[in-house]
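Q: Take a look at this one; I'll ask things after.
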4 protein chains.
Amino acid sequence: MTTCIGDCLACYRTCLSSAMGHCLEAGGKHVEKAHFTLMMACAEICRTSAHFMLIGTPHHKHTCAECAEICTECADDCERLGGMDDCVAACRRCAESCRRMASTH
Amino acid sequence: MTTCIGDCLACYRTCLSSAMGHCLEAGGKHVEKAHFTLMMACAEICRTSAHFMLIGTPHHKHTCAECAEICTECADDCERLGGMDDCVAACRRCAESCRRMASTH
Amino acid sequence: MTTCIGDCLACYRTCLSSAMGHCLEAGGKHVEKAHFTLMMACAEICRTSAHFMLIGTPHHKHTCAECAEICTECADDCERLGGMDDCVAACRRCAESCRRMASTH
Amino acid sequence: MTTCIGDCLACYRTCLSSAMGHCLEAGGKHVEKAHFTLMMACAEICRTSAHFMLIGTPHHKHTCAECAEICTECADDCERLGGMDDCVAACRRCAESCRRMASTH
């Protein structure tokens with residue numbers, strides 16, 4: 001679980017700073033509503049999933065499942081736009097980590 | 001959706017202030033790990049569901065569904081303990097509101 | 001304090017939904033880095049100030065003081081851009097409320 | 001700044017998981033209102049300071065200054081209680097890092 005918390009916080013950092021840095025500076029398709037909202041949703045669910053694991057609630061499985069889904073969608077969208085390799089990598093790693101956490105018995 | 005955002009933030013306020021006020025002051029079963037963690041998980045998912053609706057992501061349906069589930073569990077647990085009528089009422093109202101939001105097409 | 005919590009959460013709602021709705025849709029100067037970052041900083045400090053009051057920490061005076069400062073700056077910037085009357089009003093009200101809270105003995 | 005963000009998130013993790021794990025399990029003075037509230041305030045200001053640095057707002061200096069103050073107070077209180085060495089270390093490191101950030105020109 002320690003790894004998953006780390007992956008969630010790393011993805012939160014990368015998505016939030018990329019959206020508010022790279023995307024706002026690049027403009028154009030990077031600030032289109034669908035893409036930018038997905039970036040911010042990804043940052044927020046990563047932050048919340050980490051929080052749920054840190055407080056020790058069994059509901060972390062549900063937030064991790066949702067986190068895996070949003071991270072995958074965000075990675076795909078960042079790949080489509082291009083020039084966001086850090087974000088793609090952080091999202092893929094977090095999605096994998098959360099998927100594993102969500103299916104642990 | 002405006003109503004649901006209001007219900008989520010109202011439940012966040014009540015759960016968080018009840019946990020950190022009433023529960024810490026009452027002690028005993030009110031600070032037992034299972035109950036206290038549930039209160040804090042409820043406050044956090046309400047905060048996040050409101051956030052998702054405010055940023056306008058379609059994934060708010062999933063956080064609302066999870067919010068409805070945790071709020072119902074929290075209301076039941078607060079009823080079991082007794083003396084937490086405000087919390088029960090806020091959780092029931094939010095659960096109902098989020099359930100409706102999660103099933104909207 | 002109940003009023004101030006309400007004003008902070010109302011300003012959080014308005015700033016966050018305006019930034020992610022109105023500003024992203026309007027584009028142009030509304031998604032310039034300085035303005036958009038200020039909107040998001042305002043939403044976050046309002047969320048945090050409300051949180052500090054809800055958990056009952058005496059440090060809420062410092063977050064309220066900072067909140068009043070950022071809200072005032074955000075209101076001024078929204079006035080400069082125009083077409084953001086809701087945001088200006090919510091920020092002015094919250095700034096006033098937080099300033100009073102920060103100076104309470 | 002990257003170091004300070006890391007120190008804030010590390011302190012957020014340690015404070016939140018210690019409060020919701022160690023403190024709730026230990027009970028007694030660990031769940032007394034003043035101590036527990038300080039732990040939660042520390043977790044929240046660390047989370048917010050990291051957020052401010054990540055979005056790139058110049059106001060991060062003010063949240064970092066407040067973060068340094070709360071972290072120092074939290075470290076002192078954890079030392080007083082004893083058995084919370086991880087928390088003391090994370091708070092001291094974060095306080096130092098935030099103090100430096102707050103005074104950077």
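Following the order of the structure tokens, chains are lettered A, B, ..., residues in each are numbered from 1, and ligands are numbered from 1.
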Near Cys78 of chain B, within 10 Å and counting only C-alpha atoms, which residues show up once chain neighbours fewer than 4 positions away are dropped, as a VMD selection string?

A: chain B and resid 30 35 38 to 39 72 to 74 82 to 89 91

Q: Show me, as a list in words, every residue of chain D with an atom at most 10 Å from chain A, counting only C-alpha atoms.

A: Ile5, Gly6, Leu9, Ala10, Tyr12, Arg13, Thr14, Cys15, Leu16, Ser17, Ser18, Ala19, Met20, Gly21, Arg47, Ala50, His51, Phe52, Met53, Leu54, Ile55, Gly56 and Thr57 of chain D

Q: Would you please extract all alpha helix (DSSP H) residues from segment 8-76 of chain C, as assigned by DSSP on the backbone, and give them as an NGL selection string?

A: :C and (8-17 or 24-26 or 33-55 or 60-76)

Q: Would you mind listing what lies within 12 Å of Ala102 of chain B as a CSV table (one decimal) with N, CA and C atoms, in the first residue's frame, with only C-alpha atoms counted and same-chain residues fewer than 3 positions away left out?

A:
```
chain,number,residue,atom,x,y,z
B,1,MET,N,-28.0,19.7,-10.1
B,1,MET,CA,-26.6,19.5,-9.6
B,1,MET,C,-26.2,20.4,-8.5
B,4,CYS,N,-27.1,19.1,-5.2
B,4,CYS,CA,-26.3,18.0,-4.8
B,4,CYS,C,-24.9,18.5,-4.3
B,49,SER,N,-16.6,14.7,-4.0
B,49,SER,CA,-17.7,14.7,-4.9
B,49,SER,C,-18.1,16.1,-5.3
B,53,MET,N,-18.1,17.7,-9.2
B,53,MET,CA,-19.2,18.4,-9.8
B,53,MET,C,-18.9,19.8,-10.2
B,58,PRO,N,-17.4,14.5,-16.1
B,58,PRO,CA,-18.5,13.4,-16.1
B,58,PRO,C,-18.2,12.3,-15.1
B,59,HIS,N,-17.0,12.2,-14.6
B,59,HIS,CA,-16.7,11.2,-13.6
B,59,HIS,C,-17.4,11.5,-12.2
B,60,HIS,N,-18.0,12.6,-12.1
B,60,HIS,CA,-18.7,12.9,-10.9
B,60,HIS,C,-19.8,11.8,-10.5
B,61,LYS,N,-20.3,11.1,-11.5
B,61,LYS,CA,-21.2,10.1,-11.3
B,61,LYS,C,-20.7,9.0,-10.4
B,62,HIS,N,-19.4,8.7,-10.7
B,62,HIS,CA,-18.7,7.6,-9.9
B,62,HIS,C,-18.4,8.0,-8.5
B,63,THR,N,-18.0,9.3,-8.3
B,63,THR,CA,-17.7,9.7,-7.0
B,63,THR,C,-19.0,9.9,-6.2
B,64,CYS,N,-20.1,10.3,-6.9
B,64,CYS,CA,-21.4,10.5,-6.2
B,64,CYS,C,-21.9,9.1,-5.8
B,65,ALA,N,-21.7,8.1,-6.6
B,65,ALA,CA,-22.1,6.7,-6.2
B,65,ALA,C,-21.4,6.3,-5.0
B,66,GLU,N,-20.1,6.5,-4.9
B,66,GLU,CA,-19.3,6.1,-3.8
B,66,GLU,C,-19.7,6.9,-2.6
B,67,CYS,N,-20.0,8.2,-2.8
B,67,CYS,CA,-20.4,9.1,-1.7
B,67,CYS,C,-21.7,8.6,-1.1
B,68,ALA,N,-22.7,8.2,-1.9
B,68,ALA,CA,-23.9,7.7,-1.4
B,68,ALA,C,-23.7,6.5,-0.5
B,69,GLU,N,-22.8,5.7,-0.9
B,69,GLU,CA,-22.6,4.4,-0.2
B,69,GLU,C,-21.9,4.7,1.2
B,94,CYS,N,-27.5,13.7,2.0
B,94,CYS,CA,-26.5,13.7,0.9
B,94,CYS,C,-26.5,12.4,0.2
B,95,ALA,N,-26.7,11.3,0.9
B,95,ALA,CA,-26.8,10.0,0.2
B,95,ALA,C,-27.9,9.9,-0.8
B,96,GLU,N,-29.1,10.5,-0.4
B,96,GLU,CA,-30.2,10.5,-1.3
B,96,GLU,C,-29.9,11.3,-2.6
B,97,SER,N,-29.3,12.5,-2.3
B,97,SER,CA,-29.0,13.4,-3.4
B,97,SER,C,-27.9,12.9,-4.4
B,98,CYS,N,-26.9,12.2,-3.8
B,98,CYS,CA,-25.9,11.6,-4.6
B,98,CYS,C,-26.3,10.4,-5.4
B,99,ARG,N,-27.2,9.6,-4.8
B,99,ARG,CA,-27.8,8.5,-5.5
B,99,ARG,C,-28.5,8.9,-6.7
B,105,HIS,N,-29.2,10.3,-16.4
B,105,HIS,CA,-28.6,10.0,-17.7
B,105,HIS,C,-28.3,11.3,-18.4
```

Q: Please measure the separation of atom CA of Glu32 of chain B and atom CA of Cys42 of chain D, giving the value in Å to one decimal.

A: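 Between atom CA of Glu32 of chain B and atom CA of Cys42 of chain D the gap is 21.7 Å.
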